[in-house]
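So this block is final_38.cif, mmCIF, C-alpha atoms:
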data_input
loop_
_atom_site.label_atom_id
_atom_site.label_comp_id
_atom_site.auth_asym_id
_atom_site.auth_seq_id
_atom_site.Cartn_x
_atom_site.Cartn_y
_atom_site.Cartn_z
CA MET A 29 40.88 164.96 177.96
CA LEU A 30 42.50 166.41 181.06
CA SER A 31 40.52 169.60 180.72
CA GLY A 32 37.33 167.53 180.73
CA ILE A 33 38.36 165.86 183.97
CA TYR A 34 39.32 169.26 185.34
CA GLY A 35 35.87 170.60 184.54
CA LEU A 36 34.14 167.63 186.14
CA LEU A 37 36.31 167.90 189.25
CA SER A 38 35.59 171.58 189.71
CA ALA A 39 31.88 170.83 189.23
CA SER A 40 31.97 168.32 192.09
CA LEU A 41 33.88 170.82 194.19
CA PHE A 42 31.05 173.32 193.65
CA VAL A 43 28.51 170.73 194.85
CA VAL A 44 30.50 170.29 198.04
CA LEU A 45 30.50 174.06 198.47
CA ASP A 46 26.67 174.17 198.21
CA ALA A 47 26.66 175.83 194.82
CA VAL A 48 24.49 173.30 193.01
CA ASP A 49 23.38 175.66 190.25
CA VAL A 50 26.96 176.56 189.48
CA ALA A 51 27.94 172.89 189.50
CA PHE A 52 25.31 172.12 186.86
CA THR A 53 26.69 174.77 184.57
CA GLU A 54 30.30 173.85 185.11
CA ALA A 55 29.62 170.15 184.50
CA ALA A 56 28.04 170.88 181.14
CA VAL A 57 30.43 173.66 180.10
CA GLY A 58 33.75 172.57 181.57
CA ALA A 59 33.47 168.85 181.01
CA GLY A 60 31.61 169.03 177.72
CA ILE A 61 31.64 172.07 175.50
CA SER A 62 34.98 173.69 176.33
CA THR A 63 36.85 170.39 175.90
CA ILE A 64 35.32 169.87 172.49
CA LEU A 65 36.12 173.42 171.39
CA MET A 66 39.75 172.97 172.46
CA LEU A 67 40.03 169.68 170.60
CA THR A 68 38.49 171.16 167.48
CA THR A 69 40.88 174.09 167.54
CA LEU A 70 43.79 171.70 167.98
CA ALA A 71 42.54 169.72 165.01
CA ILE A 72 42.61 172.89 162.91
CA THR A 73 45.90 174.36 164.08
CA GLY A 74 47.96 171.23 164.63
CA ARG A 75 49.33 170.04 167.92
CA TYR A 76 53.01 170.84 167.75
CA GLU A 77 54.79 173.70 169.39
CA LEU A 78 58.26 175.15 169.31
CA SER A 79 60.60 174.55 172.21
CA ARG A 80 61.60 177.74 173.94
CA PRO A 81 64.68 178.95 175.74
CA SER A 82 64.55 177.93 179.39
CA ILE A 83 65.59 181.43 180.52
CA ARG A 84 62.08 182.63 179.78
CA THR A 85 60.60 179.82 181.86
CA ARG A 86 62.94 180.62 184.75
CA ILE A 87 62.07 184.32 184.78
CA GLY A 88 58.39 183.43 184.59
CA LEU A 89 58.69 180.95 187.44
CA LEU A 90 60.46 183.51 189.59
CA LEU A 91 57.84 186.16 188.86
CA VAL A 92 54.98 183.78 189.55
CA LEU A 93 56.53 182.61 192.81
CA VAL A 94 57.01 186.19 194.01
CA ILE A 95 53.44 187.15 193.14
CA GLY A 96 52.14 183.94 194.73
CA VAL A 97 53.95 184.54 197.99
CA LEU A 98 52.71 188.14 198.06
CA LEU A 99 49.14 186.99 197.46
CA ILE A 100 49.35 184.38 200.21
CA TYR A 101 50.73 187.04 202.53
CA GLY A 102 47.71 189.12 201.55
CA THR A 103 45.27 186.33 202.42
CA LEU A 104 46.47 186.37 206.04
CA GLY A 105 44.17 189.32 206.58
CA MET A 106 41.18 187.61 204.97
CA PRO A 107 38.21 186.33 206.99
CA TYR A 108 38.26 182.61 207.76
CA PHE A 109 36.56 180.04 205.55
CA GLY A 110 32.90 179.25 206.21
CA MET A 111 32.14 181.77 208.95
CA PRO A 112 28.57 183.08 208.79
CA GLU A 113 29.57 186.60 209.84
CA ASN A 114 32.03 187.09 206.97
CA PRO A 115 31.63 190.45 205.25
CA ALA A 116 30.71 188.77 201.95
CA ASN A 117 27.61 187.28 203.58
CA GLY A 118 26.20 190.52 204.93
CA HIS A 119 24.57 193.40 203.05
CA VAL A 120 22.39 192.46 200.07
CA ALA A 121 22.81 188.70 200.44
CA ALA A 122 20.95 188.76 203.75
CA TYR A 123 18.29 190.99 202.18
CA TYR A 124 17.77 188.52 199.33
CA LEU A 125 17.45 185.57 201.72
CA GLU A 126 14.94 187.38 203.93
CA ASN A 127 12.69 188.90 201.28
CA THR A 128 12.62 186.40 198.43
CA GLU A 129 9.72 184.47 199.93
CA GLN A 130 7.37 187.46 200.07
CA GLN A 131 8.51 189.42 197.05
CA ILE A 132 9.23 186.71 194.50
CA GLY A 133 7.63 183.62 196.00
CA ILE A 134 9.96 180.96 194.59
CA PRO A 135 12.09 178.64 196.69
CA ASN A 136 15.32 178.78 194.68
CA TYR A 137 17.14 181.87 195.89
CA VAL A 138 19.72 181.67 193.13
CA THR A 139 17.06 181.89 190.42
CA ALA A 140 15.31 184.71 192.26
CA VAL A 141 18.47 186.78 192.46
CA LEU A 142 19.55 185.90 188.93
CA ALA A 143 16.29 186.60 187.17
CA SER A 144 14.62 189.23 189.27
CA TYR A 145 16.81 191.16 191.70
CA ARG A 146 19.75 191.26 189.32
CA GLY A 147 17.78 190.86 186.11
CA PHE A 148 19.49 193.77 184.40
CA ASP A 149 22.90 192.29 185.17
CA THR A 150 21.85 188.95 183.70
CA PHE A 151 20.54 190.74 180.61
CA GLY A 152 24.02 192.19 180.14
CA GLU A 153 25.60 188.75 180.46
CA LEU A 154 23.20 187.34 177.92
CA VAL A 155 24.07 190.10 175.48
CA VAL A 156 27.75 189.25 175.98
CA VAL A 157 27.04 185.61 175.12
CA PHE A 158 25.09 186.68 172.05
CA THR A 159 27.83 189.08 170.94
CA ALA A 160 30.41 186.32 171.35
CA GLY A 161 28.34 184.11 169.07
CA VAL A 162 28.16 186.88 166.49
CA ALA A 163 31.91 187.44 166.78
CA VAL A 164 32.67 183.77 166.15
CA LEU A 165 30.39 183.83 163.12
CA ALA A 166 32.16 186.93 161.84
CA LEU A 167 35.62 185.46 162.38
CA LEU A 168 35.21 182.00 160.94
CA PRO A 169 34.13 181.42 157.38
CA HIS A 170 30.72 179.96 156.67
CA SER A 171 28.23 180.32 153.89
CA ARG A 172 24.75 181.73 154.40
CA ASP A 173 22.90 178.52 155.01
CA GLY A 174 25.64 176.34 156.42
CA PHE A 175 29.11 175.22 155.62
CA VAL A 176 31.29 173.54 153.18
CA VAL A 177 30.47 170.24 154.82
CA ASP A 178 33.63 168.47 155.84
CA ASP A 179 34.76 164.96 155.21
CA MET A 180 35.19 164.06 158.85
CA GLN A 181 34.19 160.47 159.39
CA PRO A 182 31.25 160.11 161.74
CA MET A 183 31.90 157.31 164.17
CA LYS A 184 30.51 154.54 162.02
CA HIS A 185 32.62 151.85 163.62
CA HIS A 186 31.78 152.64 167.22
CA LEU A 187 28.56 150.71 167.32
CA ILE A 188 28.26 150.58 171.13
CA LEU A 189 28.84 154.32 171.46
CA ARG A 190 26.28 155.07 168.80
CA ILE A 191 23.55 152.87 170.20
CA THR A 192 23.95 153.93 173.83
CA SER A 193 24.09 157.60 172.90
CA LYS A 194 20.99 157.18 170.78
CA LEU A 195 19.23 155.81 173.85
CA LEU A 196 20.58 158.60 176.04
CA LEU A 197 19.81 161.54 173.77
CA PRO A 198 16.05 161.87 174.43
CA PHE A 199 16.71 161.73 178.15
CA ILE A 200 19.37 164.44 177.94
CA LEU A 201 16.96 166.66 176.04
CA LEU A 202 14.16 165.91 178.48
CA PHE A 203 16.47 166.66 181.38
CA ALA A 204 17.40 169.98 179.79
CA LEU A 205 13.72 170.91 179.58
CA TYR A 206 13.20 169.83 183.19
CA VAL A 207 16.13 171.95 184.31
CA GLN A 208 14.75 174.85 182.29
CA PHE A 209 11.24 174.89 183.67
CA HIS A 210 11.88 173.52 187.13
CA GLY A 211 14.57 176.13 187.80
CA ASP A 212 12.27 178.10 190.10
CA PHE A 213 11.95 175.21 192.52
CA GLY A 214 15.15 173.21 192.28
CA PRO A 215 18.63 173.83 190.99
CA GLY A 216 18.44 174.87 187.38
CA GLY A 217 17.50 177.67 185.05
CA GLY A 218 18.11 179.03 181.60
CA PHE A 219 21.90 179.01 181.59
CA GLN A 220 22.16 175.41 182.77
CA ALA A 221 19.39 174.17 180.51
CA GLY A 222 20.92 175.96 177.54
CA VAL A 223 24.30 174.31 177.90
CA ILE A 224 22.80 170.86 178.57
CA PHE A 225 20.60 171.17 175.48
CA ALA A 226 23.58 172.26 173.41
CA ALA A 227 25.63 169.36 174.76
CA ALA A 228 22.96 166.91 173.56
CA ILE A 229 23.02 168.35 170.05
CA ILE A 230 26.82 168.38 170.03
CA LEU A 231 26.84 164.71 171.06
CA TYR A 232 24.48 163.94 168.20
CA SER A 233 26.58 165.71 165.62
CA MET A 234 29.76 164.06 166.92
CA LEU A 235 28.25 160.64 166.41
CA TYR A 236 26.32 161.15 163.20
CA GLY A 237 28.26 163.90 161.50
CA LEU A 238 27.64 167.57 160.99
CA GLU A 239 25.53 167.05 157.92
CA ASN A 240 22.92 165.00 159.75
CA ALA A 241 22.85 167.36 162.70
CA MET A 242 22.22 170.27 160.35
CA GLN A 243 19.22 168.47 158.99
CA VAL A 244 17.83 168.18 162.50
CA ILE A 245 18.43 171.84 163.32
CA SER A 246 19.25 174.01 160.36
CA PHE A 247 21.80 176.77 160.72
CA PRO A 248 19.52 179.75 159.97
CA VAL A 249 17.11 178.51 162.66
CA ILE A 250 19.92 178.48 165.22
CA ARG A 251 20.96 182.01 164.37
CA PHE A 252 17.34 183.12 164.57
CA CYS A 253 16.92 181.48 168.00
CA ALA A 254 20.05 183.15 169.34
CA ALA A 255 18.64 186.56 168.51
CA LEU A 256 15.11 185.62 169.58
CA GLY A 257 16.18 184.80 173.15
CA VAL A 258 17.80 188.20 173.69
CA LEU A 259 14.78 189.86 172.08
CA LEU A 260 12.38 188.00 174.39
CA TYR A 261 14.38 189.06 177.46
CA GLY A 262 14.48 192.68 176.38
CA SER A 263 10.79 192.74 175.46
CA VAL A 264 9.78 191.51 178.90
CA GLY A 265 11.66 194.50 180.28
CA ILE A 266 9.97 196.89 177.86
CA VAL A 267 6.51 195.47 178.55
CA SER A 268 7.03 195.99 182.26
CA MET A 269 8.02 199.58 181.50
CA LEU A 270 4.88 200.08 179.42
CA LYS A 271 2.80 198.75 182.29
CA GLY A 272 4.18 201.44 184.53
CA GLY A 273 7.02 199.69 186.35
CA ASN A 274 10.75 199.90 186.01
CA PHE A 275 12.74 198.07 183.34
CA LEU A 276 12.57 194.33 184.15
CA ASP A 277 10.29 194.89 187.15
CA TYR A 278 7.96 191.92 186.75
CA SER A 279 5.62 192.79 189.60
CA VAL A 280 3.41 194.85 187.30
CA LEU A 281 2.99 192.14 184.64
CA LEU A 282 -0.03 190.46 186.27
CA GLU A 283 -2.57 191.40 188.95
CA THR A 284 -0.57 190.27 191.95
CA PRO A 285 3.15 191.06 192.19
CA VAL A 286 4.08 187.45 192.99
CA ALA A 287 2.23 186.05 189.95
CA GLY A 288 3.89 188.73 187.82
CA GLN A 289 7.29 187.73 189.14
CA HIS A 290 6.58 184.08 188.33
CA LEU A 291 5.61 184.90 184.76
CA GLY A 292 8.51 187.28 184.26
CA ILE A 293 11.08 184.81 185.57
CA LEU A 294 9.65 181.99 183.43
CA LEU A 295 9.81 184.15 180.29
CA ILE A 296 13.29 185.53 180.76
CA GLU A 297 14.69 182.14 181.76
CA PHE A 298 13.26 180.79 178.52
CA GLY A 299 14.96 183.60 176.64
CA VAL A 300 18.25 182.87 178.37
CA GLY A 301 17.99 179.15 177.63
CA LEU A 302 17.19 179.76 173.97
CA THR A 303 20.08 182.14 173.38
CA VAL A 304 22.65 180.12 175.33
CA ALA A 305 21.75 176.84 173.61
CA ALA A 306 21.68 178.46 170.18
CA VAL A 307 24.99 180.27 170.63
CA MET A 308 26.74 177.14 171.91
CA VAL A 309 25.49 174.98 169.05
CA CYS A 310 26.28 177.76 166.59
CA VAL A 311 29.85 178.09 167.89
CA PHE A 312 30.32 174.32 167.73
CA PHE A 313 28.98 174.10 164.17
CA THR A 314 31.16 176.98 163.03
CA PHE A 315 34.28 175.49 164.55
CA THR A 316 33.63 172.00 163.27
CA GLY A 317 32.74 173.41 159.89
CA SER A 318 36.20 174.95 159.75
CA VAL A 319 37.93 171.59 160.03
CA VAL A 320 38.18 171.03 156.33
CA SER A 321 41.07 169.29 154.73
CA PRO A 322 42.76 171.67 152.26
CA ALA A 323 42.31 169.32 149.34
CA LYS A 324 38.61 169.01 149.96
CA SER A 325 38.01 172.74 150.33
CA ALA A 326 39.95 173.42 147.15
CA ARG A 327 37.77 170.89 145.35
CA VAL A 328 34.60 172.46 146.71
CA VAL A 329 35.69 175.97 145.78
CA ALA A 330 36.65 174.80 142.30
CA ALA A 331 33.25 173.15 141.91
CA ARG A 332 31.51 176.31 143.03
CA ASP A 333 33.52 178.49 140.64
CA GLY A 334 32.71 176.05 137.86
CA GLU A 335 29.01 176.45 138.58
CA LYS A 336 29.33 180.21 138.53
CA THR A 337 31.08 180.30 135.18
CA GLN A 338 28.55 177.93 133.76
CA GLY A 339 25.70 180.08 134.99
CA ALA A 340 27.29 183.37 133.96
CA PRO A 341 27.05 183.41 130.16
CA MET B 21 47.22 179.03 222.66
CA ASN B 22 50.56 177.72 221.59
CA PHE B 23 52.14 178.41 218.25
CA GLU B 24 51.25 175.07 216.63
CA THR B 25 47.49 175.21 217.17
CA GLN B 26 47.45 178.80 216.02
CA TRP B 27 49.21 177.82 212.84
CA LEU B 28 46.76 174.97 212.27
CA GLN B 29 43.84 177.32 212.79
CA THR B 30 45.24 179.75 210.26
CA PHE B 31 45.75 176.91 207.81
CA PHE B 32 42.21 175.58 208.09
CA GLY B 33 40.82 179.09 208.02
CA LEU B 34 42.60 180.17 204.87
CA TYR B 35 43.41 177.05 202.84
CA ASN B 36 40.68 177.86 200.29
CA TYR B 37 42.46 181.09 199.38
CA TRP B 38 45.78 179.26 199.11
CA ILE B 39 44.33 176.75 196.68
CA VAL B 40 42.99 179.67 194.66
CA VAL B 41 46.37 181.39 194.69
CA ALA B 42 48.13 178.18 193.58
CA LEU B 43 45.72 177.68 190.67
CA MET B 44 45.88 181.35 189.72
CA MET B 45 49.66 181.27 189.61
CA CYS B 46 49.61 178.10 187.46
CA GLY B 47 47.38 179.97 185.01
CA LEU B 48 49.52 183.10 185.07
CA PHE B 49 52.70 181.06 184.58
CA ILE B 50 51.30 179.44 181.45
CA VAL B 51 50.09 182.77 180.09
CA ILE B 52 53.40 184.59 180.51
CA THR B 53 55.90 181.87 179.65
CA ASP B 54 54.27 179.91 176.87
CA GLY B 55 54.42 181.30 173.36
CA ASN B 56 51.81 178.96 171.95
CA LEU B 57 48.55 180.89 171.71
CA ILE B 58 46.35 177.87 172.44
CA LYS B 59 48.30 177.19 175.62
CA LYS B 60 47.82 180.81 176.58
CA VAL B 61 44.07 180.31 176.29
CA VAL B 62 44.33 177.18 178.45
CA GLY B 63 46.24 179.23 181.03
CA LEU B 64 43.56 181.90 180.98
CA THR B 65 40.89 179.22 181.52
CA ILE B 66 42.72 177.91 184.57
CA PHE B 67 43.04 181.46 185.87
CA GLN B 68 39.31 181.95 185.37
CA THR B 69 38.49 178.76 187.26
CA SER B 70 40.56 179.96 190.20
CA VAL B 71 38.45 183.12 190.35
CA PHE B 72 35.28 181.00 190.23
CA ILE B 73 36.52 178.93 193.16
CA LEU B 74 37.45 182.09 195.07
CA TYR B 75 33.90 183.42 194.78
CA ILE B 76 32.15 180.15 195.52
CA SER B 77 34.35 179.35 198.51
CA MET B 78 33.66 182.80 199.96
CA ALA B 79 29.93 182.10 199.70
CA LYS B 80 30.15 178.87 201.70
CA VAL B 81 28.93 178.96 205.28
CA THR B 82 29.95 175.98 207.41
CA GLY B 83 26.95 173.82 208.27
CA ALA B 84 24.69 175.56 205.78
CA THR B 85 22.72 174.02 202.93
CA ALA B 86 22.38 174.99 199.29
CA PRO B 87 20.35 178.19 198.86
CA ILE B 88 17.03 176.54 198.01
CA GLN B 89 14.24 177.11 200.51
CA ILE B 90 13.21 174.05 202.49
CA GLU B 91 9.58 173.20 203.18
CA GLN B 92 9.31 173.72 206.93
CA GLY B 93 11.29 175.55 209.50
CA THR B 94 14.35 177.66 209.04
CA ALA B 95 17.77 176.67 207.86
CA VAL B 96 21.12 178.31 207.34
CA TYR B 97 21.76 178.86 203.65
CA SER B 98 24.97 179.60 201.82
CA ASN B 99 25.22 182.99 200.17
CA PRO B 100 23.32 182.90 196.84
CA LEU B 101 24.76 186.08 195.36
CA PRO B 102 28.25 184.79 194.39
CA HIS B 103 26.56 181.70 192.93
CA VAL B 104 24.58 183.92 190.59
CA LEU B 105 27.65 185.88 189.56
CA ILE B 106 29.71 182.77 188.85
CA LEU B 107 26.88 180.92 187.15
CA THR B 108 26.65 183.59 184.49
CA ALA B 109 30.42 184.07 184.45
CA ILE B 110 30.97 180.42 183.46
CA VAL B 111 28.73 180.71 180.42
CA VAL B 112 30.27 184.04 179.49
CA SER B 113 33.77 182.58 179.89
CA ILE B 114 33.08 179.73 177.48
CA SER B 115 31.72 182.23 174.94
CA THR B 116 34.75 184.47 175.23
CA THR B 117 37.03 181.43 175.03
CA ALA B 118 35.26 180.49 171.82
CA VAL B 119 35.99 183.96 170.42
CA ALA B 120 39.66 183.62 171.44
CA LEU B 121 39.91 180.24 169.76
CA ALA B 122 38.24 181.59 166.64
CA LEU B 123 40.83 184.38 166.54
CA ILE B 124 43.56 181.76 166.85
CA VAL B 125 42.12 179.83 163.93
CA ARG B 126 42.21 183.02 161.86
CA ILE B 127 45.80 183.72 162.94
CA LYS B 128 46.72 180.20 161.89
CA ARG B 129 45.17 180.85 158.48
CA ALA B 130 47.02 184.14 158.05
CA TYR B 131 50.45 183.23 159.46
CA HIS B 132 50.46 179.41 159.29
CA THR B 133 51.58 179.29 162.91
CA VAL B 134 50.19 179.88 166.36
CA GLU B 135 53.51 180.74 168.02
CA GLU B 136 53.55 184.27 169.34
CA ASP B 137 57.25 185.06 168.68
CA VAL B 138 57.16 183.69 165.15
CA ILE B 139 54.17 185.90 164.40
CA GLN B 140 55.96 188.96 165.78
CA ARG B 141 59.05 188.20 163.69
CA TRP B 142 56.82 187.96 160.62
CA ASP B 143 55.26 191.33 161.38
CA VAL B 144 58.62 193.02 161.84
CA LYS B 145 59.89 191.56 158.58
CA LYS B 146 56.78 192.72 156.77
CA ARG B 147 57.02 196.24 158.13
CA ARG B 148 60.68 196.51 157.10
CA SER B 149 59.96 195.38 153.59
CA GLU B 150 57.11 197.87 153.36
CA LYS B 151 59.40 200.69 154.47
CA ARG B 152 61.98 199.72 151.90
CA SER B 153 59.46 199.53 149.11
CA LYS B 154 57.70 202.80 149.88
CA PRO B 155 59.97 205.30 148.07
CA PHE B 156 59.93 203.00 145.11
CA HIS B 157 56.15 203.25 144.84
CA GLU B 158 56.08 206.98 145.31
#
Conversion result in structure tokens:
Amino acid sequence: MLSGIYGLLSASLFVVLDAVDVAFTEAAVGAGISTILMLTTLAITGRYELSRPSIRTRIGLLLVLVIGVLLIYGTLGMPYFGMPENPANGHVAAYYLENTEQQIGIPNYVTAVLASYRGFDTFGELVVVFTAGVAVLALLPHSRDGFVVDDMQPMKHHLILRITSKLLLPFILLFALYVQFHGDFGPGGGFQAGVIFAAAIILYSMLYGLENAMQVISFPVIRFCAALGVLLYGSVGIVSMLKGGNFLDYSVLLETPVAGQHLGILLIEFGVGLTVAAVMVCVFFTFTGSVVSPAKSARVVAARDGEKTQGAP
Amino acid sequence: MNFETQWLQTFFGLYNYWIVVALMMCGLFIVITDGNLIKKVVGLTIFQTSVFILYISMAKVTGATAPIQIEQGTAVYSNPLPHVLILTAIVVSISTTAVALALIVRIKRAYHTVEEDVIQRWDVKKRRSEKRSKPFHE
């Protein structure tokens, strides 16, 4: 609960600091998905811990205090907050602000830098997200087409929650699409849209149970989408190479460079959104699928073995 | 300029870094003192957030607007580059946190605990028993 509030608070802090795109992402990730993942893990592992000798705490406190004081001493040489001539604001940042209008032609500088100037960097990040999804799938047990579906009670008794969320869901999904495709002009883009989309599906499966959510979006489809997004991103890069440009240089995609940039950014943002949403939902499904009461899983395994032995002779 | 105003100026010039340092140390403290693996992950998350705030606060320019081009005229924009870096870093951090939590779930399955020192004691015990049983097998 606290971590959700923490996420929401840091999101509002980012708005105050002019980082609206970042705030979008943090609001969806910090306040939504990470809280749920933590709670799910706690549900699996139990919420008790051993008490520890206080000597360890004292040494840790001392160490942390010393490092903290040293770091604060180090900040005395740092440039002051909010000055336009700070070293961080020179160099490439000024170049991006001056040239985006002619070279890329979209008003949102963050999207321009993310998708075009630093497109290769973003590709790397996307691959990391994809790999993390694969790693979670490899670590936690699941069958090919889904899970041993758990006996967690969907919130049947919370009528008000169910009805209001049902009303909200289409708007959340619509908003995710708006954020996805309006990212060139306002705050938004693939990463934000992906997490908002995933949050909507997670909300649905929290209210109506994993089984129902899997009927809406089946597990193989999610895994396919996760790979498809990365593939789309990479293919845009390869196509631009085939057309005679550099990897992920969208200017050569269409007749005019600006139109090419528009198309390229739209495509790769779509790829980003697809992969991020799919990986988030996939991680959530895998985690929630692991919350199985021991008795139930034993029963399911026994039933499966029974089927096998019946089929074998 | 007397000492007091100078001190105030330093404070208002650098307080963003001090907040970052405080958060970072909270995270580090949890990571090094707590033996519970889930709490360690929580500590790492707090540490990560402090780095996010460090980047975003460095990008802020006083009196500037968000880096989205306005229709007419010129405006002062905040630095978009750190925003890009942190935007992707947040999504990457939640993915890596998910991997960490998945590892913890597996550790819980294998050891029936998520306490670091208990796990280490288990490992030591196991290694000793293996050593003892080796000549017997050979």
Residue members of the PyMOL selection byres ((chain A) within 7 of (chain B)) in the file shown, as JSON, numbers by chain: {"A": [45, 46, 47, 48, 50, 53, 54, 62, 69, 73, 77, 84, 85, 88, 89, 92, 96, 99, 100, 103, 108, 109, 110, 111, 112, 116, 117, 121, 135, 136, 137, 138, 141, 142, 153, 156, 157, 160, 163, 164, 167, 168, 214]}
Using all atoms listed in the file, pick whichever of A:Leu36, A:Gly299, A:Ala241, A:Gly74 has the shortest atom-to-atom distance to Val319 of chain A. A:Gly74
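The two atoms in question, atom CA of Ala130 of chain B and atom CA of Asp143 of chain B, are spaced 11.4 Å apart.
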Answer key for the PyMOL selection byres ((chain A and resi 126-132) around 9), residues as a ChimeraX atom specification: /A:121-125,133-137,140-141,144,279,285-290 /B:89
Find the distance between atom CA of Leu235 of chain A and atom CA of Ala221 of chain A and write it in Å to one decimal.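 Distance reported for this atom pair: 21.5 Å.
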Put a box with edges along x, y and z around all the listed atoms of segment 130-144 of chain B, pad it by 5 Å on each side, then give me its centre and sizes in Å, one decimal, as JSON.
{"center_x": 53.0, "center_y": 186.2, "center_z": 163.7, "size_x": 22.0, "size_y": 23.7, "size_z": 21.3}
One decimal, Å: what's the distance from atom CA of Ser268 of chain A over to atom CA of Ile296 of chain A, could you say?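 Computed distance, atom CA of Ser268 of chain A to atom CA of Ile296 of chain A, equals 12.3 Å.
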For Phe312 of chain A, which residue among A:Ile95, A:Ile293, A:His210, A:Leu65 is the nearest when counting only C-alpha atoms?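 Smallest distance to Phe312 of chain A is found for A:Leu65.
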Determine the nearest neighbour of Leu165 of chain A from the options A:Gly272, A:Gly317, A:Gly262, A:Gly257, counting all atoms listed in the file.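 The shortest atom-to-atom distance to Leu165 of chain A comes from A:Gly317.
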Restore all heavy atoms in segment 135-140 of chain A and list the result as a compact mmCIF listing (two decimals), keeping the file's coordinate frame.
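Generated file (rebuild-v5.txt):
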# COMPACT_ATOMS: atom_id res chain seq x y z
N PRO A 135 11.16 179.16 195.68
CA PRO A 135 12.09 178.64 196.69
C PRO A 135 13.57 178.74 196.32
O PRO A 135 14.41 178.76 197.21
CB PRO A 135 11.69 177.18 196.86
CG PRO A 135 10.67 176.89 195.86
CD PRO A 135 10.35 178.11 195.09
N ASN A 136 13.91 178.76 195.04
CA ASN A 136 15.32 178.78 194.68
C ASN A 136 15.85 180.22 194.72
O ASN A 136 15.54 181.02 193.85
CB ASN A 136 15.53 178.17 193.29
CG ASN A 136 16.98 177.99 192.96
OD1 ASN A 136 17.85 178.45 193.69
ND2 ASN A 136 17.26 177.31 191.88
N TYR A 137 16.64 180.50 195.73
CA TYR A 137 17.14 181.87 195.89
C TYR A 137 18.02 182.28 194.72
O TYR A 137 18.01 183.44 194.30
CB TYR A 137 17.93 181.98 197.18
CG TYR A 137 17.10 181.83 198.42
CD1 TYR A 137 17.28 180.75 199.27
CD2 TYR A 137 16.11 182.75 198.73
CE1 TYR A 137 16.50 180.60 200.40
CE2 TYR A 137 15.32 182.62 199.85
CZ TYR A 137 15.53 181.54 200.69
OH TYR A 137 14.76 181.39 201.79
N VAL A 138 18.80 181.32 194.21
CA VAL A 138 19.72 181.67 193.13
C VAL A 138 18.94 182.17 191.91
O VAL A 138 19.27 183.20 191.32
CB VAL A 138 20.60 180.46 192.77
CG1 VAL A 138 21.48 180.78 191.58
CG2 VAL A 138 21.46 180.07 193.94
N THR A 139 17.87 181.45 191.57
CA THR A 139 17.06 181.89 190.42
C THR A 139 16.42 183.24 190.69
O THR A 139 16.37 184.10 189.81
CB THR A 139 15.96 180.85 190.13
OG1 THR A 139 16.57 179.59 190.00
CG2 THR A 139 15.22 181.20 188.87
N ALA A 140 15.94 183.44 191.94
CA ALA A 140 15.31 184.71 192.26
C ALA A 140 16.27 185.87 192.08
O ALA A 140 15.93 186.89 191.47
CB ALA A 140 14.79 184.68 193.70
